[in-house]
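Right, one structure below, let's go through it.
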Amino acid sequence: MSAEAEIFKIENLTMAYGDYVVMRDLNFSVRQGEIFFIMGGSGCGKSTLLRHMIGLIKPAAGNIYFKGKNLSDAPDDEKTEMIRQFGVLYQGGALWSSMTLSENVMLPICEFTDITRREALELSDMKLALVGLNGFGSFYPSEISGGMCKRAGLARAMALDPQVLFFDEPSAGLDPVSSHRLDELILQMRDSLGATVIVVSHELASIFDIADRAIYLDTSKKTQGAIGSPRELLNSDDEGVRIFLNRGVDPRARHMEEA
């Protein structure tokens with residue numbers, strides 16, 4: 001893969017809280033315009049890796065490169081400029097309950113641009129319309145469903161037209177139908193905006209439906225397992241990822257028992 005195709009490059013990354021090592025020796029790249037999943041069991045460090053990649057946590061060792069620049073060691077002004085190219089949908093939506101949906105989406109626009117409040121409101125309503133919430137700008141988060149809150153969170157994540165969209169367990173708390181609709185929306189956003197999408201998830205339906213590639217974080221080994229297309233990984237030599245993608249049943253072992 002050429003360096004030009006990489007938007008993120010993770011190099012010898014170790015994640016730790018004090019003396020406790022979460023994951024070590026992570027080495028992978030994320031390609032421009034792809035939907036890339038970070039998958040693994042509970043507590044493996046998926047969300048921790050996401051927080052490292054958006055610059056909220058400094059690596060214990062190793063480096064994270066964004067568009068060829070070292071995000072980990074960048075001066076504050078350069079790091080801020082890089083982070084402004086990211087949009088993040090947090091697990092619970094993270095909407096301000098005291099603000100309407102329009103006000104929530106307007107917040108980063110008013111904070112980081114010089115446009116008027118009227119222009120910001122128009123842009124906010126446009127972003128809400130993109131996620132299917134046209135006409136809901138005056139509603140408060142408590143007045144809409146969980147799935148709608150996730151979509152409003154996505155509208156806010158897109159407020160500054162980011163190059164990279166991060167999703168932390170986007171299907172958490174959603175019913176299967178709402179989860180599928182959100183997956184379709186993620187695909188639409190990638191295709192229409194040309195953004196790179198990085199998703200933290202353990203939901204197999206989403207992984208198989210929309211992931212171009214995925215990396216498996218192996219809790220038992222405290223390092224990465226296999227990386228590649230989810231359907232290719234079903235027959236990976238990595239036993240951990242095979243068991244994960246088959247929900248606890250290793251198809252190779254099953255075939256041996258049947259023989």
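Residue names in the structure tokens use chain letters A, B, ... in the order shown, residue numbers from 1 in each chain, and ligand numbers from 1 in the order shown.
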
Run DSSP on the backbone and grab whatever in segment 13-82 of chain A lands in strand (DSSP E); send it over as an mmCIF file with N, CA, C and O atoms, in the first residue's frame.
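Result saved to states22.cif:
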data_model
loop_
_atom_site.group_PDB
_atom_site.id
_atom_site.type_symbol
_atom_site.label_atom_id
_atom_site.label_comp_id
_atom_site.auth_asym_id
_atom_site.auth_seq_id
_atom_site.Cartn_x
_atom_site.Cartn_y
_atom_site.Cartn_z
ATOM 1 N N LEU A 13 2.655 1.050 18.561
ATOM 2 C CA LEU A 13 1.890 1.730 19.613
ATOM 3 C C LEU A 13 1.674 0.830 20.825
ATOM 4 O O LEU A 13 1.220 -0.309 20.705
ATOM 5 N N THR A 14 1.994 1.377 22.003
ATOM 6 C CA THR A 14 1.649 0.740 23.269
ATOM 7 C C THR A 14 0.708 1.670 24.020
ATOM 8 O O THR A 14 0.984 2.865 24.166
ATOM 9 N N MET A 15 -0.415 1.122 24.479
ATOM 10 C CA MET A 15 -1.396 1.879 25.251
ATOM 11 C C MET A 15 -1.358 1.380 26.683
ATOM 12 O O MET A 15 -1.405 0.166 26.925
ATOM 13 N N ALA A 16 -1.278 2.311 27.627
ATOM 14 C CA ALA A 16 -1.172 1.904 29.031
ATOM 15 C C ALA A 16 -1.787 2.962 29.935
ATOM 16 O O ALA A 16 -1.817 4.156 29.591
ATOM 17 N N TYR A 17 -2.281 2.499 31.071
ATOM 18 C CA TYR A 17 -2.696 3.383 32.145
ATOM 19 C C TYR A 17 -1.732 3.141 33.301
ATOM 20 O O TYR A 17 -1.822 2.138 34.010
ATOM 21 N N TYR A 20 -0.174 -0.412 33.945
ATOM 22 C CA TYR A 20 -1.036 -1.424 33.336
ATOM 23 C C TYR A 20 -1.054 -1.254 31.825
ATOM 24 O O TYR A 20 -1.515 -0.225 31.305
ATOM 25 N N VAL A 21 -0.562 -2.242 31.108
ATOM 26 C CA VAL A 21 -0.530 -2.206 29.650
ATOM 27 C C VAL A 21 -1.847 -2.744 29.104
ATOM 28 O O VAL A 21 -2.265 -3.859 29.418
ATOM 29 N N VAL A 22 -2.510 -1.942 28.277
ATOM 30 C CA VAL A 22 -3.766 -2.349 27.648
ATOM 31 C C VAL A 22 -3.477 -3.154 26.387
ATOM 32 O O VAL A 22 -3.988 -4.251 26.192
ATOM 33 N N MET A 23 -2.663 -2.579 25.486
ATOM 34 C CA MET A 23 -2.255 -3.226 24.243
ATOM 35 C C MET A 23 -0.841 -2.769 23.910
ATOM 36 O O MET A 23 -0.456 -1.639 24.230
ATOM 37 N N ARG A 24 -0.093 -3.634 23.270
ATOM 38 C CA ARG A 24 1.268 -3.267 22.889
ATOM 39 C C ARG A 24 1.537 -3.648 21.431
ATOM 40 O O ARG A 24 0.849 -4.498 20.846
ATOM 41 N N ASP A 25 2.541 -3.002 20.849
ATOM 42 C CA ASP A 25 3.036 -3.342 19.507
ATOM 43 C C ASP A 25 1.932 -3.338 18.446
ATOM 44 O O ASP A 25 1.835 -4.264 17.635
ATOM 45 N N LEU A 26 1.111 -2.288 18.428
ATOM 46 C CA LEU A 26 0.092 -2.160 17.393
ATOM 47 C C LEU A 26 0.711 -1.492 16.164
ATOM 48 O O LEU A 26 1.332 -0.430 16.268
ATOM 49 N N ASN A 27 0.551 -2.140 15.011
ATOM 50 C CA ASN A 27 1.087 -1.621 13.757
ATOM 51 C C ASN A 27 0.062 -1.836 12.649
ATOM 52 O O ASN A 27 -0.187 -2.970 12.245
ATOM 53 N N PHE A 28 -0.551 -0.759 12.174
ATOM 54 C CA PHE A 28 -1.514 -0.873 11.087
ATOM 55 C C PHE A 28 -1.728 0.496 10.456
ATOM 56 O O PHE A 28 -1.315 1.528 11.005
ATOM 57 N N SER A 29 -2.354 0.501 9.304
ATOM 58 C CA SER A 29 -2.672 1.747 8.604
ATOM 59 C C SER A 29 -4.168 1.779 8.284
ATOM 60 O O SER A 29 -4.810 0.742 8.159
ATOM 61 N N VAL A 30 -4.706 2.970 8.162
ATOM 62 C CA VAL A 30 -6.080 3.176 7.713
ATOM 63 C C VAL A 30 -6.005 3.922 6.390
ATOM 64 O O VAL A 30 -5.323 4.947 6.280
ATOM 65 N N ARG A 31 -6.688 3.396 5.394
ATOM 66 C CA ARG A 31 -6.618 3.976 4.046
ATOM 67 C C ARG A 31 -7.633 5.085 3.857
ATOM 68 O O ARG A 31 -8.727 5.041 4.416
ATOM 69 N N ILE A 35 -13.957 2.333 5.217
ATOM 70 C CA ILE A 35 -14.632 2.145 6.500
ATOM 71 C C ILE A 35 -13.848 1.072 7.235
ATOM 72 O O ILE A 35 -13.819 -0.089 6.826
ATOM 73 N N PHE A 36 -13.193 1.474 8.303
ATOM 74 C CA PHE A 36 -12.257 0.626 9.034
ATOM 75 C C PHE A 36 -12.807 0.352 10.427
ATOM 76 O O PHE A 36 -13.128 1.286 11.161
ATOM 77 N N PHE A 37 -12.930 -0.923 10.783
ATOM 78 C CA PHE A 37 -13.460 -1.299 12.098
ATOM 79 C C PHE A 37 -12.346 -1.726 13.049
ATOM 80 O O PHE A 37 -11.418 -2.440 12.650
ATOM 81 N N ILE A 38 -12.470 -1.291 14.283
ATOM 82 C CA ILE A 38 -11.640 -1.778 15.387
ATOM 83 C C ILE A 38 -12.537 -2.696 16.198
ATOM 84 O O ILE A 38 -13.521 -2.244 16.789
ATOM 85 N N MET A 39 -12.229 -3.982 16.207
ATOM 86 C CA MET A 39 -13.134 -4.946 16.838
ATOM 87 C C MET A 39 -12.404 -5.790 17.878
ATOM 88 O O MET A 39 -11.176 -5.877 17.894
ATOM 89 N N ALA A 61 4.108 4.350 24.309
ATOM 90 C CA ALA A 61 5.239 4.160 23.398
ATOM 91 C C ALA A 61 4.689 4.122 21.981
ATOM 92 O O ALA A 61 3.521 3.817 21.763
ATOM 93 N N GLY A 62 5.531 4.438 20.999
ATOM 94 C CA GLY A 62 5.111 4.393 19.607
ATOM 95 C C GLY A 62 4.535 5.711 19.133
ATOM 96 O O GLY A 62 4.507 6.712 19.871
ATOM 97 N N ASN A 63 4.059 5.717 17.902
ATOM 98 C CA ASN A 63 3.597 6.954 17.279
ATOM 99 C C ASN A 63 2.317 6.741 16.472
ATOM 100 O O ASN A 63 2.049 5.636 15.997
ATOM 101 N N ILE A 64 1.571 7.826 16.333
ATOM 102 C CA ILE A 64 0.372 7.845 15.509
ATOM 103 C C ILE A 64 0.557 8.960 14.485
ATOM 104 O O ILE A 64 0.738 10.133 14.854
ATOM 105 N N TYR A 65 0.529 8.601 13.211
ATOM 106 C CA TYR A 65 0.709 9.575 12.139
ATOM 107 C C TYR A 65 -0.622 9.830 11.437
ATOM 108 O O TYR A 65 -1.330 8.885 11.082
ATOM 109 N N PHE A 66 -0.942 11.108 11.258
ATOM 110 C CA PHE A 66 -2.121 11.505 10.502
ATOM 111 C C PHE A 66 -1.655 12.291 9.286
ATOM 112 O O PHE A 66 -1.011 13.334 9.422
ATOM 113 N N LYS A 69 1.958 13.261 9.330
ATOM 114 C CA LYS A 69 2.477 14.051 10.446
ATOM 115 C C LYS A 69 2.249 13.322 11.756
ATOM 116 O O LYS A 69 1.212 12.682 11.953
ATOM 117 N N ASN A 70 3.202 13.444 12.664
ATOM 118 C CA ASN A 70 3.142 12.739 13.942
ATOM 119 C C ASN A 70 2.165 13.450 14.877
ATOM 120 O O ASN A 70 2.488 14.497 15.448
#

#### Entry: Spatial neighbours of Ala226 of chain A, 10 Å, only C-alpha atoms, chain gap at least 2 places, as a ChimeraX atom specification
/A:214-218,224,228-230,233,236-242

### Task
For Glu203 of chain A, work out the shell of residues within 10 Å, counting only C-alpha atoms and skipping chain neighbours fewer than 3 positions away, then give it as a PyMOL selection string.
chain A and resi 39-40+169-172+179+200+206-208+245

For the selection just defined, write its residues with N, CA and C atoms to a file, as a compact mmCIF listing (two decimals), in the first residue's frame.
# COMPACT_ATOMS: atom_id res chain seq x y z
N MET A 39 -12.23 -3.98 16.21
CA MET A 39 -13.13 -4.95 16.84
C MET A 39 -12.40 -5.79 17.88
N GLY A 40 -13.19 -6.41 18.74
CA GLY A 40 -12.65 -7.24 19.80
C GLY A 40 -13.64 -7.32 20.94
N GLU A 169 -18.82 2.60 19.24
CA GLU A 169 -19.97 1.72 19.48
C GLU A 169 -21.28 2.39 19.04
N PRO A 170 -21.40 2.73 17.76
CA PRO A 170 -22.59 3.47 17.30
C PRO A 170 -23.90 2.73 17.48
N SER A 171 -23.87 1.38 17.51
CA SER A 171 -25.11 0.60 17.63
C SER A 171 -25.52 0.34 19.07
N ALA A 172 -24.71 0.79 20.03
CA ALA A 172 -25.00 0.51 21.45
C ALA A 172 -26.35 1.10 21.83
N SER A 179 -30.24 0.08 14.24
CA SER A 179 -28.81 -0.16 14.02
C SER A 179 -28.52 -0.29 12.53
N VAL A 200 -15.47 1.78 16.13
CA VAL A 200 -15.23 0.84 17.23
C VAL A 200 -16.52 0.05 17.43
N SER A 206 -22.97 -5.22 11.76
CA SER A 206 -22.36 -4.01 11.23
C SER A 206 -21.01 -4.30 10.60
N ILE A 207 -20.22 -5.13 11.27
CA ILE A 207 -18.88 -5.46 10.76
C ILE A 207 -18.97 -6.08 9.37
N PHE A 208 -19.88 -7.04 9.20
CA PHE A 208 -19.99 -7.72 7.90
C PHE A 208 -20.71 -6.86 6.86
N LEU A 245 -15.47 -13.84 15.23
CA LEU A 245 -16.38 -13.61 14.10
C LEU A 245 -17.43 -14.70 13.95

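Candidate residues A:Ala152, A:Leu71, A:Leu56, A:Leu160 were compared for distance to Thr113 of chain A, and the nearest is A:Leu160, using only C-alpha atoms.
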
### Query
Leaving out Ile186 of chain A and any residue of its chain fewer than 6 positions from it, which residues lie within 12 Å of it when counting only C-alpha atoms, given as number ranges by chain?
A: 34-36, 89, 130-131, 150-151, 154-155, 157-158, 164-167, 170-171, 179-180, 192-199, 206, 209-211

### Task
One decimal, Å: what's the distance from atom CA of Ser97 of chain A over to atom CA of Pro141 of chain A, could you say?
5.8 Å

### Task
Quick one: everything within 10 Å of Phe136 of chain A, counting only C-alpha atoms, minus sequence neighbours fewer than 6 positions away in the same chain. Send it as number ranges by chain.
A: 100-102, 125, 128-129, 143-144, 148, 152

### Message
So the first atom is atom CA of Ser47 of chain A and the second is atom CA of Ser145 of chain A; what is the distance between them in Å, to one decimal place?
### Response
24.2 Å

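Distance annotation: of A:Met99, A:Ile227, A:Met126, A:Leu185, the residue with the minimal separation from Ser142 of chain A is A:Met99; atom set is only C-alpha atoms.
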
### Within 12 Å of Glu103 of chain A using only C-alpha atoms, minus same-chain residues under 3 positions, as a PyMOL selection string
chain A and resi 95-100+106-111+117-118+120-125+127-128+136-141+152-153+155-156+159
